[in-house]
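*Asks:* What follows is structure_37.pdb, made up of PDB, C-alpha atoms, pLDDT in the B column:
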ATOM      1  CA  MET K   1       0.012  72.792 -84.839  1.00 61.00           C
ATOM      2  CA  SER K   2      -3.546  73.387 -83.891  1.00 82.00           C
ATOM      3  CA  ALA K   3      -4.395  77.063 -83.873  1.00 88.00           C
ATOM      4  CA  THR K   4      -8.131  77.693 -84.075  1.00 89.00           C
ATOM      5  CA  ARG K   5     -10.315  80.763 -84.182  1.00 91.00           C
ATOM      6  CA  ASP K   6     -12.035  81.633 -80.881  1.00 83.00           C
ATOM      7  CA  GLY K   7     -14.381  84.512 -81.688  1.00 89.00           C
ATOM      8  CA  LYS K   8     -12.164  87.399 -82.806  1.00 91.00           C
ATOM      9  CA  MET K   9      -9.060  85.929 -81.161  1.00 92.00           C
ATOM     10  CA  TRP K  10      -6.979  82.798 -81.768  1.00 94.00           C
ATOM     11  CA  ARG K  11      -6.132  79.925 -79.453  1.00 93.00           C
ATOM     12  CA  CYS K  12      -3.834  76.929 -79.518  1.00 93.00           C
ATOM     13  CA  GLN K  13      -4.657  73.561 -78.046  1.00 93.00           C
ATOM     14  CA  PHE K  14      -2.369  70.524 -78.083  1.00 93.00           C
ATOM     15  CA  TYR K  15      -1.053  67.538 -76.155  1.00 92.00           C
ATOM     16  CA  TYR K  16       2.513  67.136 -74.926  1.00 90.00           C
ATOM     17  CA  GLU K  17       4.540  64.808 -72.720  1.00 89.00           C
ATOM     18  CA  ASP K  18       6.423  66.177 -69.726  1.00 84.00           C
ATOM     19  CA  TRP K  19       9.875  65.036 -68.632  1.00 78.00           C
ATOM     20  CA  GLN K  20       8.379  62.034 -66.812  1.00 83.00           C
ATOM     21  CA  GLY K  21       6.513  60.837 -69.906  1.00 85.00           C
ATOM     22  CA  VAL K  22       3.061  61.826 -68.618  1.00 90.00           C
ATOM     23  CA  SER K  23       0.724  63.216 -71.278  1.00 92.00           C
ATOM     24  CA  HIS K  24      -0.861  66.644 -70.645  1.00 93.00           C
ATOM     25  CA  LYS K  25      -3.274  68.843 -72.567  1.00 93.00           C
ATOM     26  CA  LYS K  26      -2.310  72.498 -73.021  1.00 93.00           C
ATOM     27  CA  ASN K  27      -4.765  75.222 -74.001  1.00 92.00           C
ATOM     28  CA  LYS K  28      -3.937  78.941 -74.309  1.00 93.00           C
ATOM     29  CA  ARG K  29      -6.207  81.655 -75.649  1.00 92.00           C
ATOM     30  CA  GLY K  30      -6.046  85.333 -76.482  1.00 92.00           C
ATOM     31  CA  PHE K  31      -3.662  85.552 -79.439  1.00 93.00           C
ATOM     32  CA  LYS K  32      -4.331  88.282 -81.987  1.00 94.00           C
ATOM     33  CA  THR K  33      -3.043  86.296 -84.968  1.00 92.00           C
ATOM     34  CA  LYS K  34      -2.704  82.668 -85.952  1.00 93.00           C
ATOM     35  CA  ALA K  35       1.049  83.106 -86.356  1.00 93.00           C
ATOM     36  CA  GLU K  36       1.406  84.270 -82.731  1.00 92.00           C
ATOM     37  CA  ALA K  37      -0.493  81.207 -81.485  1.00 93.00           C
ATOM     38  CA  GLU K  38       1.628  78.827 -83.550  1.00 92.00           C
ATOM     39  CA  GLN K  39       4.862  80.532 -82.454  1.00 90.00           C
ATOM     40  CA  TRP K  40       3.880  80.249 -78.788  1.00 90.00           C
ATOM     41  CA  GLU K  41       3.099  76.554 -79.266  1.00 91.00           C
ATOM     42  CA  ARG K  42       6.486  75.933 -80.964  1.00 87.00           C
ATOM     43  CA  ASP K  43       8.350  77.717 -78.165  1.00 83.00           C
ATOM     44  CA  PHE K  44       6.431  75.849 -75.466  1.00 87.00           C
ATOM     45  CA  LEU K  45       7.084  72.453 -77.051  1.00 86.00           C
ATOM     46  CA  GLN K  46      10.751  73.275 -77.502  1.00 81.00           C
ATOM     47  CA  GLN K  47      11.052  74.131 -73.806  1.00 79.00           C
ATOM     48  CA  GLN K  48       9.440  70.808 -72.866  1.00 82.00           C
ATOM     49  CA  GLN K  49      11.888  68.690 -74.846  1.00 76.00           C
ATOM     50  CA  ARG K  50      14.186  66.320 -72.984  1.00 68.00           C
ATOM     51  CA  ASN K  51      17.327  67.221 -74.900  1.00 69.00           C
ATOM     52  CA  LEU K  52      19.555  70.281 -74.865  1.00 72.00           C
ATOM     53  CA  ASP K  53      19.098  71.083 -78.548  1.00 77.00           C
ATOM     54  CA  ILE K  54      17.079  74.291 -77.993  1.00 77.00           C
ATOM     55  CA  ASN K  55      17.745  77.858 -79.043  1.00 82.00           C
ATOM     56  CA  PHE K  56      19.432  80.263 -76.648  1.00 86.00           C
ATOM     57  CA  GLU K  57      16.379  82.474 -76.131  1.00 85.00           C
ATOM     58  CA  ASN K  58      14.275  79.591 -74.798  1.00 81.00           C
ATOM     59  CA  PHE K  59      17.154  78.363 -72.646  1.00 84.00           C
ATOM     60  CA  VAL K  60      17.523  81.801 -71.044  1.00 87.00           C
ATOM     61  CA  GLN K  61      13.767  82.003 -70.447  1.00 86.00           C
ATOM     62  CA  ILE K  62      13.832  78.660 -68.610  1.00 83.00           C
ATOM     63  CA  TYR K  63      16.831  79.867 -66.591  1.00 87.00           C
ATOM     64  CA  TYR K  64      15.070  83.097 -65.584  1.00 91.00           C
ATOM     65  CA  GLU K  65      11.930  81.259 -64.481  1.00 85.00           C
ATOM     66  CA  ASP K  66      14.005  78.839 -62.422  1.00 85.00           C
ATOM     67  CA  MET K  67      16.212  81.457 -60.732  1.00 88.00           C
ATOM     68  CA  GLU K  68      13.498  84.076 -60.183  1.00 89.00           C
ATOM     69  CA  HIS K  69      12.292  82.379 -56.998  1.00 88.00           C
ATOM     70  CA  ARG K  70      15.779  81.840 -55.584  1.00 88.00           C
ATOM     71  CA  LEU K  71      17.370  85.259 -56.070  1.00 90.00           C
ATOM     72  CA  ARG K  72      16.548  88.784 -55.012  1.00 91.00           C
ATOM     73  CA  GLU K  73      15.001  91.219 -57.470  1.00 90.00           C
ATOM     74  CA  ASN K  74      18.147  93.324 -57.850  1.00 92.00           C
ATOM     75  CA  THR K  75      20.263  90.240 -58.583  1.00 90.00           C
ATOM     76  CA  MET K  76      17.805  89.137 -61.291  1.00 90.00           C
ATOM     77  CA  ARG K  77      17.915  92.584 -62.893  1.00 91.00           C
ATOM     78  CA  THR K  78      21.719  92.401 -62.948  1.00 91.00           C
ATOM     79  CA  LYS K  79      21.652  88.952 -64.578  1.00 88.00           C
ATOM     80  CA  LYS K  80      19.181  90.124 -67.221  1.00 88.00           C
ATOM     81  CA  PHE K  81      21.351  93.153 -67.961  1.00 91.00           C
ATOM     82  CA  ILE K  82      24.474  91.014 -68.344  1.00 88.00           C
ATOM     83  CA  ILE K  83      22.832  88.473 -70.620  1.00 84.00           C
TER
END
Kindly present the structure from the file in structure tokens form.
*Replies:*
Amino acid sequence: MSATRDGKMWRCQFYYEDWQGVSHKKNKRGFKTKAEAEQWERDFLQQQQRNLDINFENFVQIYYEDMEHRLRENTMRTKKFII
């Protein structure tokens, strides 16, 4: 976990491998605390894993991002309400 201070804010910067095995560098800034930056990094890495051993919250987030472009707005609101 590499959370560093960036002025008054925090940022996380790390490398990860995508589902094809290609290495990428990820950099995100603007976190108010170090804990927020580290939590975001953990969640991001968990979503990029190749196995299905992830928590339900991250699984639902991936599902929403995938279905958001395929379904109408009202249908997405209904799905979010049900889940």
*Asks:* Once the PyMOL selection byres ((chain K and resi 41-57) around 12) has been applied to the shown file, what residues remain in the selection, as an MDAnalysis selection string?
*Replies:* chainID K and resid 1:3 11:29 31 34:40 58:65 83
*Asks:* Padding 8 Å on each side, edges along x, y and z: where is the centre of the box around the listed atoms of segment 5-13 of chain K, and how long are its edges in Å to one decimal? Output it as AutoDock Vina command-line options.
*Replies:*
--center_x -9.1 --center_y 80.5 --center_z -81.1 --size_x 26.5 --size_y 29.8 --size_z 22.1
*Asks:* May I ask for the distance between atom CA of Thr33 of chain K and atom CA of Lys8 of chain K, given in Å to one decimal place?
*Replies:*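 About the pair atom CA of Thr33 of chain K and atom CA of Lys8 of chain K: they are 9.4 Å apart.
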*Asks:* One number please: atom CA of Thr4 of chain K to atom CA of Lys32 of chain K, in Å, one decimal.
*Replies:*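 We find that atom CA of Thr4 of chain K and atom CA of Lys32 of chain K lie 11.4 Å from each other.
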*Asks:* How about completing segment 63-77 of chain K with N, CA and C atoms and giving it to me as a PDB file, in the coordinates of the input?
*Replies:*
ATOM      1  N   TYR K  63      15.911  79.492 -67.668  1.00 87.00           N
ATOM      2  CA  TYR K  63      16.831  79.867 -66.591  1.00 87.00           C
ATOM      3  C   TYR K  63      16.233  80.972 -65.727  1.00 87.00           C
ATOM      4  N   TYR K  64      15.674  82.002 -66.344  1.00 91.00           N
ATOM      5  CA  TYR K  64      15.070  83.097 -65.584  1.00 91.00           C
ATOM      6  C   TYR K  64      13.927  82.601 -64.707  1.00 91.00           C
ATOM      7  N   GLU K  65      13.057  81.769 -65.257  1.00 85.00           N
ATOM      8  CA  GLU K  65      11.930  81.259 -64.481  1.00 85.00           C
ATOM      9  C   GLU K  65      12.404  80.420 -63.304  1.00 85.00           C
ATOM     10  N   ASP K  66      13.484  79.678 -63.489  1.00 85.00           N
ATOM     11  CA  ASP K  66      14.005  78.839 -62.422  1.00 85.00           C
ATOM     12  C   ASP K  66      14.670  79.675 -61.332  1.00 85.00           C
ATOM     13  N   MET K  67      15.444  80.672 -61.696  1.00 88.00           N
ATOM     14  CA  MET K  67      16.212  81.457 -60.732  1.00 88.00           C
ATOM     15  C   MET K  67      15.417  82.593 -60.097  1.00 88.00           C
ATOM     16  N   GLU K  68      14.291  82.961 -60.679  1.00 89.00           N
ATOM     17  CA  GLU K  68      13.498  84.076 -60.183  1.00 89.00           C
ATOM     18  C   GLU K  68      13.054  83.882 -58.741  1.00 89.00           C
ATOM     19  N   HIS K  69      12.789  82.656 -58.341  1.00 88.00           N
ATOM     20  CA  HIS K  69      12.292  82.379 -56.998  1.00 88.00           C
ATOM     21  C   HIS K  69      13.427  82.239 -55.990  1.00 88.00           C
ATOM     22  N   ARG K  70      14.643  82.052 -56.471  1.00 88.00           N
ATOM     23  CA  ARG K  70      15.779  81.840 -55.584  1.00 88.00           C
ATOM     24  C   ARG K  70      16.555  83.110 -55.280  1.00 88.00           C
ATOM     25  N   LEU K  71      16.529  84.067 -56.196  1.00 90.00           N
ATOM     26  CA  LEU K  71      17.370  85.259 -56.070  1.00 90.00           C
ATOM     27  C   LEU K  71      16.539  86.504 -55.792  1.00 90.00           C
ATOM     28  N   ARG K  72      17.225  87.506 -55.258  1.00 91.00           N
ATOM     29  CA  ARG K  72      16.548  88.784 -55.012  1.00 91.00           C
ATOM     30  C   ARG K  72      16.304  89.516 -56.330  1.00 91.00           C
ATOM     31  N   GLU K  73      15.406  90.485 -56.264  1.00 90.00           N
ATOM     32  CA  GLU K  73      15.001  91.219 -57.470  1.00 90.00           C
ATOM     33  C   GLU K  73      16.180  91.947 -58.118  1.00 90.00           C
ATOM     34  N   ASN K  74      17.021  92.580 -57.310  1.00 92.00           N
ATOM     35  CA  ASN K  74      18.147  93.324 -57.850  1.00 92.00           C
ATOM     36  C   ASN K  74      19.146  92.381 -58.541  1.00 92.00           C
ATOM     37  N   THR K  75      19.357  91.212 -57.980  1.00 90.00           N
ATOM     38  CA  THR K  75      20.263  90.240 -58.583  1.00 90.00           C
ATOM     39  C   THR K  75      19.720  89.770 -59.929  1.00 90.00           C
ATOM     40  N   MET K  76      18.411  89.558 -60.020  1.00 90.00           N
ATOM     41  CA  MET K  76      17.805  89.137 -61.291  1.00 90.00           C
ATOM     42  C   MET K  76      17.931  90.239 -62.341  1.00 90.00           C
ATOM     43  N   ARG K  77      17.748  91.488 -61.937  1.00 91.00           N
ATOM     44  CA  ARG K  77      17.915  92.584 -62.893  1.00 91.00           C
ATOM     45  C   ARG K  77      19.345  92.651 -63.419  1.00 91.00           C
TER      46      ARG K  77
END
